[in-house]
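Visitor: Here you go, this is start22.csv (CSV, C-alpha atoms).
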```
chain,number,residue,atom,x,y,z
A,1,MET,CA,-35.2,115.4,51.2
A,2,GLU,CA,-33.4,115.0,54.4
A,3,GLN,CA,-36.6,115.3,56.3
A,4,GLU,CA,-38.1,112.4,54.3
A,5,TYR,CA,-35.1,110.2,55.1
A,6,ASP,CA,-35.5,110.8,58.8
A,7,GLU,CA,-39.2,109.9,58.6
A,8,ILE,CA,-38.4,106.6,56.8
A,9,ASP,CA,-35.9,105.8,59.6
A,10,LEU,CA,-38.5,106.4,62.3
A,11,ARG,CA,-40.9,104.1,60.4
A,12,GLU,CA,-38.3,101.4,60.2
A,13,LEU,CA,-37.5,101.6,63.9
A,14,PHE,CA,-41.2,101.4,64.7
A,15,ALA,CA,-41.6,98.4,62.3
A,16,ILE,CA,-38.7,96.6,64.0
A,17,ILE,CA,-40.3,97.1,67.4
A,18,MET,CA,-43.6,95.9,66.1
A,19,ARG,CA,-42.1,92.7,64.6
A,20,LYS,CA,-40.8,91.7,68.0
A,21,TRP,CA,-43.8,93.0,70.1
A,22,TRP,CA,-44.1,89.6,71.8
A,23,LEU,CA,-40.6,89.9,73.2
A,24,ILE,CA,-41.4,93.3,74.8
A,25,VAL,CA,-44.6,91.8,76.3
A,26,VAL,CA,-42.5,88.9,77.7
A,27,PHE,CA,-40.0,91.2,79.3
A,28,PHE,CA,-42.7,93.4,80.7
A,29,VAL,CA,-44.6,90.6,82.3
A,30,LEU,CA,-41.5,88.9,83.7
A,31,SER,CA,-40.1,92.1,85.2
A,32,THR,CA,-43.3,93.2,86.8
A,33,THR,CA,-44.3,89.7,88.1
A,34,ILE,CA,-40.8,89.0,89.6
A,35,THR,CA,-40.6,92.5,91.2
A,36,TYR,CA,-44.0,92.3,92.8
A,37,PHE,CA,-43.4,88.8,94.1
A,38,VAL,CA,-40.0,89.7,95.6
A,39,THR,CA,-41.3,92.9,97.1
A,40,ASP,CA,-44.3,91.1,98.6
A,41,ARG,CA,-42.6,88.0,99.9
A,42,PHE,CA,-39.0,88.8,100.7
A,43,MET,CA,-38.9,92.5,101.7
A,44,ASP,CA,-40.0,93.3,105.3
A,45,PRO,CA,-42.5,96.2,105.6
A,46,ILE,CA,-41.2,99.2,107.4
A,47,TYR,CA,-43.5,101.3,109.7
A,48,GLU,CA,-42.9,104.8,110.9
A,49,ALA,CA,-44.3,106.3,114.1
A,50,LYS,CA,-44.2,110.0,114.7
A,51,SER,CA,-44.5,112.3,117.7
A,52,SER,CA,-44.9,116.1,117.7
A,53,LEU,CA,-43.2,118.4,120.2
A,54,PHE,CA,-43.5,122.1,120.9
A,55,LEU,CA,-40.8,124.4,122.1
A,56,GLY,CA,-42.3,127.2,124.2
A,57,LYS,CA,-41.1,129.8,126.7
A,58,GLU,CA,-40.0,129.1,130.2
A,59,GLN,CA,-42.7,129.1,132.8
A,60,ASN,CA,-40.9,131.8,134.7
A,61,GLU,CA,-40.6,134.1,131.7
A,62,ILE,CA,-42.8,137.2,131.8
A,63,GLY,CA,-44.1,138.6,128.5
A,64,GLY,CA,-46.8,138.7,126.0
A,65,ILE,CA,-48.0,135.8,124.0
A,66,GLY,CA,-46.2,137.2,120.9
A,67,VAL,CA,-42.8,136.0,119.8
A,68,SER,CA,-40.2,138.3,118.4
A,69,LEU,CA,-37.9,137.5,115.5
A,70,SER,CA,-34.9,137.2,117.8
A,71,GLU,CA,-36.8,134.8,120.0
A,72,LEU,CA,-37.9,132.7,117.1
A,73,GLN,CA,-34.2,132.5,116.0
A,74,THR,CA,-33.3,131.4,119.5
A,75,PHE,CA,-36.0,128.7,119.4
A,76,ASN,CA,-34.7,127.4,116.1
A,77,GLN,CA,-31.3,127.1,117.5
A,78,LEU,CA,-32.6,125.3,120.5
A,79,ILE,CA,-34.5,122.9,118.3
A,80,VAL,CA,-31.2,122.1,116.5
A,81,ASP,CA,-29.5,121.5,119.9
A,82,TYR,CA,-32.3,119.2,121.0
A,83,LYS,CA,-32.1,117.4,117.8
A,84,GLU,CA,-28.4,116.7,118.4
A,85,LEU,CA,-29.2,115.8,122.0
A,86,ALA,CA,-31.8,113.2,121.0
A,87,GLU,CA,-29.2,111.4,118.9
A,88,THR,CA,-26.6,111.2,121.6
A,89,ARG,CA,-25.6,108.0,123.4
A,90,LEU,CA,-26.9,109.5,126.6
A,91,VAL,CA,-30.5,109.4,125.3
A,92,ILE,CA,-30.3,106.4,123.1
A,93,ASP,CA,-28.7,104.1,125.7
A,94,GLU,CA,-31.4,105.1,128.2
A,95,VAL,CA,-34.1,104.3,125.8
A,96,ILE,CA,-32.5,100.9,124.8
A,97,GLU,CA,-32.1,100.0,128.5
A,98,LYS,CA,-35.7,101.0,129.5
A,99,LEU,CA,-37.3,99.1,126.6
A,100,GLY,CA,-34.9,96.2,126.6
A,101,LEU,CA,-34.0,96.6,123.0
A,102,ASN,CA,-31.5,94.5,121.1
A,103,ILE,CA,-30.5,97.3,118.8
A,104,ASP,CA,-27.0,98.8,118.4
A,105,ILE,CA,-26.4,102.5,118.4
A,106,LYS,CA,-25.7,102.9,114.7
A,107,THR,CA,-28.9,101.1,113.7
A,108,PHE,CA,-30.9,103.1,116.2
A,109,ARG,CA,-29.6,106.4,114.8
A,110,ASP,CA,-30.2,105.3,111.2
A,111,SER,CA,-33.9,104.6,112.1
A,112,LEU,CA,-34.4,107.8,114.2
A,113,ARG,CA,-35.4,111.1,112.5
A,114,ILE,CA,-35.9,114.5,114.0
A,115,ASP,CA,-37.4,116.9,111.6
A,116,THR,CA,-37.7,120.6,112.2
A,117,ILE,CA,-40.3,122.9,110.7
A,118,LYS,CA,-38.8,126.2,109.3
A,119,ASN,CA,-39.8,129.3,111.2
A,120,SER,CA,-41.8,127.3,113.7
A,121,ARG,CA,-41.4,126.0,117.2
A,122,LEU,CA,-42.7,122.6,116.3
A,123,PHE,CA,-40.5,119.6,115.6
A,124,THR,CA,-41.2,115.9,115.2
A,125,ILE,CA,-39.5,112.7,116.3
A,126,SER,CA,-40.0,109.6,114.3
A,127,PHE,CA,-38.7,106.1,114.3
A,128,GLN,CA,-38.8,103.4,111.6
A,129,HIS,CA,-39.1,99.7,112.4
A,130,SER,CA,-40.6,96.5,111.0
A,131,ASN,CA,-42.6,96.2,114.2
A,132,PRO,CA,-45.3,99.0,114.2
A,133,GLN,CA,-45.9,98.7,118.0
A,134,LEU,CA,-42.2,98.9,118.7
A,135,ALA,CA,-41.8,101.9,116.4
A,136,ALA,CA,-44.4,103.8,118.4
A,137,ASP,CA,-42.9,102.7,121.8
A,138,ILE,CA,-39.4,103.8,120.8
A,139,THR,CA,-40.7,107.2,119.4
A,140,ASN,CA,-42.6,108.0,122.6
A,141,ALA,CA,-39.6,106.8,124.8
A,142,VAL,CA,-37.2,109.1,122.9
A,143,ALA,CA,-39.6,112.1,123.2
A,144,LYS,CA,-39.9,111.5,127.0
A,145,GLU,CA,-36.2,111.0,127.5
A,146,LEU,CA,-35.5,114.1,125.6
A,147,LEU,CA,-37.6,116.1,128.0
A,148,VAL,CA,-35.8,114.6,130.9
A,149,LYS,CA,-32.3,115.2,129.5
A,150,ALA,CA,-33.2,118.8,128.4
A,151,THR,CA,-34.1,119.6,132.0
A,152,GLU,CA,-31.0,118.0,133.4
A,153,ILE,CA,-28.5,119.4,130.9
A,154,VAL,CA,-29.9,122.6,129.4
A,155,GLU,CA,-31.8,123.3,132.7
A,156,VAL,CA,-35.0,124.4,130.9
A,157,LYS,CA,-38.5,123.0,130.9
A,158,ASN,CA,-39.8,124.5,127.7
A,159,ILE,CA,-40.5,121.3,125.6
A,160,ARG,CA,-44.0,120.0,125.5
A,161,ILE,CA,-45.2,116.8,123.8
A,162,ILE,CA,-48.2,117.8,121.6
A,163,ASP,CA,-49.0,114.4,119.9
A,164,THR,CA,-47.7,111.1,121.2
A,165,ALA,CA,-46.8,108.5,118.6
A,166,LEU,CA,-49.6,106.1,117.6
A,167,VAL,CA,-49.1,102.6,116.2
A,168,PRO,CA,-48.9,103.0,112.4
A,169,GLU,CA,-51.3,100.9,110.4
A,170,ASN,CA,-49.7,101.2,106.9
A,171,PRO,CA,-46.1,100.7,106.1
A,172,ILE,CA,-44.1,103.4,104.4
A,173,SER,CA,-42.0,100.9,102.5
A,174,PRO,CA,-41.6,98.9,100.3
A,175,LYS,CA,-43.9,100.6,97.8
A,176,LYS,CA,-45.1,97.6,95.8
A,177,LEU,CA,-46.9,99.6,93.0
A,178,LEU,CA,-44.1,102.0,92.6
A,179,ASN,CA,-41.4,99.3,92.4
A,180,THR,CA,-43.6,97.3,90.0
A,181,ALA,CA,-44.1,100.3,87.8
A,182,ILE,CA,-40.4,101.1,87.7
A,183,ALA,CA,-39.6,97.4,86.9
A,184,GLY,CA,-42.2,97.4,84.1
A,185,VAL,CA,-40.6,100.5,82.5
A,186,LEU,CA,-37.1,99.0,82.8
A,187,GLY,CA,-38.3,95.8,81.3
A,188,ILE,CA,-39.7,97.6,78.3
A,189,MET,CA,-36.5,99.5,77.8
A,190,ILE,CA,-34.4,96.3,78.1
A,191,ALA,CA,-36.7,94.5,75.6
A,192,VAL,CA,-36.5,97.4,73.1
A,193,PHE,CA,-32.7,97.4,73.4
A,194,ALA,CA,-32.6,93.6,72.9
A,195,VAL,CA,-34.8,93.9,69.8
A,196,PHE,CA,-32.4,96.5,68.3
A,197,ILE,CA,-29.4,94.3,69.1
A,198,LEU,CA,-31.0,91.2,67.5
A,199,GLU,CA,-31.9,93.3,64.5
A,200,PHE,CA,-28.3,94.7,64.3
A,201,PHE,CA,-26.8,91.2,64.1
A,202,ASN,CA,-29.4,89.9,61.7
A,203,ASN,CA,-28.0,90.1,58.2
A,204,THR,CA,-30.9,88.3,56.4
A,205,ILE,CA,-32.7,90.1,53.5
A,206,LYS,CA,-36.4,90.4,53.9
A,207,THR,CA,-37.6,93.2,51.7
A,208,GLU,CA,-36.6,95.0,48.5
A,209,GLU,CA,-35.4,97.9,50.6
A,210,ASP,CA,-32.9,95.6,52.2
A,211,ILE,CA,-31.6,94.6,48.8
A,212,GLU,CA,-31.0,98.2,47.8
A,213,LYS,CA,-29.4,99.2,51.1
A,214,LYS,CA,-27.2,96.1,51.8
A,215,LEU,CA,-26.3,95.0,48.2
A,216,GLY,CA,-26.7,98.3,46.4
A,217,LEU,CA,-28.8,96.7,43.7
A,218,THR,CA,-32.1,97.9,42.2
A,219,THR,CA,-34.9,95.4,42.3
A,220,ILE,CA,-36.5,94.8,38.9
A,221,GLY,CA,-39.5,92.8,40.0
A,222,LEU,CA,-41.0,90.7,42.8
A,223,ILE,CA,-42.3,87.2,42.8
A,224,PRO,CA,-45.4,87.1,45.0
A,225,SER,CA,-45.9,84.2,47.3
A,226,PHE,CA,-49.2,82.2,47.0
A,227,GLU,CA,-50.6,79.0,48.2
A,228,GLY,CA,-51.2,76.3,45.6
A,229,GLU,CA,-54.3,74.1,45.3
A,230,GLU,CA,-54.4,70.9,47.3
A,231,LYS,CA,-53.4,67.8,45.4
A,232,ARG,CA,-56.2,65.3,44.8
```
Output the file's structure as structure tokens, nothing else.
Guide:
Amino acid sequence: MEQEYDEIDLRELFAIIMRKWWLIVVFFVLSTTITYFVTDRFMDPIYEAKSSLFLGKEQNEIGGIGVSLSELQTFNQLIVDYKELAETRLVIDEVIEKLGLNIDIKTFRDSLRIDTIKNSRLFTISFQHSNPQLAADITNAVAKELLVKATEIVEVKNIRIIDTALVPENPISPKKLLNTAIAGVLGIMIAVFAVFILEFFNNTIKTEEDIEKKLGLTTIGLIPSFEGEEKR
């Protein structure tokens, strides 16, 4: 008996939603249209340029081409050190001065990324900017400056640039389709919530079930509605 009661409730909820289907469509269309328009017109595209670097052995080191586990751990620690070095004012100020950038240190650091690859001697330097050409120039400048400072401070020459940064063609953000899809789902959820709120505050009686539930009375009969004939 309880299972039948739950089934009736689900049917009622579905019926409530279907009666206000137009409201859900309106919310969906408005949310997706506004989100796509704002994303396309008012949000600047962000491009990311990336350069790959390799941390090898010193030229004066003698040994086979293999790398032991202890050496690999040392390389990983050096990569961490170089990552911290790339984000210092020493490197950033030099890059800003050479390229004549009008960027403060905090903004520069927020846009700069150094990603390490686990159990590998490869790491990448990337920079995000609204100007794709400038993103590539800054990335390459940071990579070159890191080589110079590593030689001066760490006194090693074991970093090699494998891939220089190219000018990115496609932006990484904003993602128009993803933002639009999320807005559409949120629009549907808000519309369904609004439908239930309207139904909750609606005390009108529409069906015989409403009479039994709200008034506690049993319906004896129904008067069907029909259209009369046209008067002549």
Visitor: Calculate how many Å separate atom CA of A:Asp110 from atom CA of A:Ala49, rounding to one decimal.
Guide: 14.4 Å
Visitor: Tell me, counting all atoms listed in the file, for each residue of stretch 144-163 of chain A within 10 Å of stretch 75-89 of chain A, which pair of atoms is nearest and how far apart they are in Å to one decimal, in rows ordered by chain and increasing number, as CSV.
Guide:
```
residue,atom,partner,partner_atom,distance
A:Glu145,CA,A:Ala86,CA,8.2
A:Leu146,CA,A:Ala86,CA,6.0
A:Leu147,CA,A:Tyr82,CA,9.3
A:Lys149,CA,A:Leu85,CA,8.1
A:Ala150,CA,A:Tyr82,CA,7.5
A:Ile153,CA,A:Leu85,CA,9.6
A:Val154,CA,A:Tyr82,CA,9.4
A:Ile159,CA,A:Ile79,CA,9.6
```
Visitor: Quick one: pull the distance between atom CA of A:Leu53 and atom CA of A:Asn140, Å, one decimal.
Guide: 10.7 Å
Visitor: For atom CA of A:Ala165 and atom CA of A:Glu152, quote the distance in Å rounded to one decimal.
Guide: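 Between atom CA of A:Ala165 and atom CA of A:Glu152 the gap is 23.6 Å.
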Visitor: Which residue is closest to A:Val26? Choose from A:Leu101, A:Ile188, A:Ala141, A:Ile197 and count all atoms listed in the file.
Guide: A:Ile188
Visitor: Let me make sure I understand: among A:Ile34, A:Lys50, A:Asp163, A:Val142, which one has the smallest atom-to-atom distance to A:Lys98 if we use all atoms listed in the file?
Guide: A:Val142
Visitor: Smallest atom-to-atom distance to A:Ala143: which of A:Phe108, A:Phe123, A:Phe28, A:Tyr36, using only C-alpha atoms?
Guide: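 Selected residue with least distance to A:Ala143: A:Phe123.
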Visitor: Give me the residues within 9 Å of A:Ile138 as a list in words, counting all atoms listed in the file and dropping any in the same chain fewer than 4 places off.
Guide: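 Once the adjacent positions are removed, what remains is Ala49, Val95, Ile96, Leu99, Ser126, Phe127, Gln133, Leu134, Val142 and Ala143 of chain A.
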Visitor: Grab the residues selected above and save them as a PDB file, in the frame of the given file with C-alpha atoms.
Guide:
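Okay, selection26.pdb is ready:
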```pdb
ATOM      1  CA  ALA A  49     -44.300 106.300 114.100  1.00  0.00           C
ATOM      2  CA  VAL A  95     -34.100 104.300 125.800  1.00  0.00           C
ATOM      3  CA  ILE A  96     -32.500 100.900 124.800  1.00  0.00           C
ATOM      4  CA  LEU A  99     -37.300  99.100 126.600  1.00  0.00           C
ATOM      5  CA  SER A 126     -40.000 109.600 114.300  1.00  0.00           C
ATOM      6  CA  PHE A 127     -38.700 106.100 114.300  1.00  0.00           C
ATOM      7  CA  GLN A 133     -45.900  98.700 118.000  1.00  0.00           C
ATOM      8  CA  LEU A 134     -42.200  98.900 118.700  1.00  0.00           C
ATOM      9  CA  VAL A 142     -37.200 109.100 122.900  1.00  0.00           C
ATOM     10  CA  ALA A 143     -39.600 112.100 123.200  1.00  0.00           C
TER      11      ALA A 143
END
```
Visitor: From the set A:Ile162, A:Met18, A:Leu10, A:Val25, which residue has the shortest atom-to-atom contact distance to A:Ser52, counting all atoms listed in the file?
Guide: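 Checking each of A:Ile162, A:Met18, A:Leu10, A:Val25 against A:Ser52, counting all atoms listed in the file, the winner is A:Ile162.
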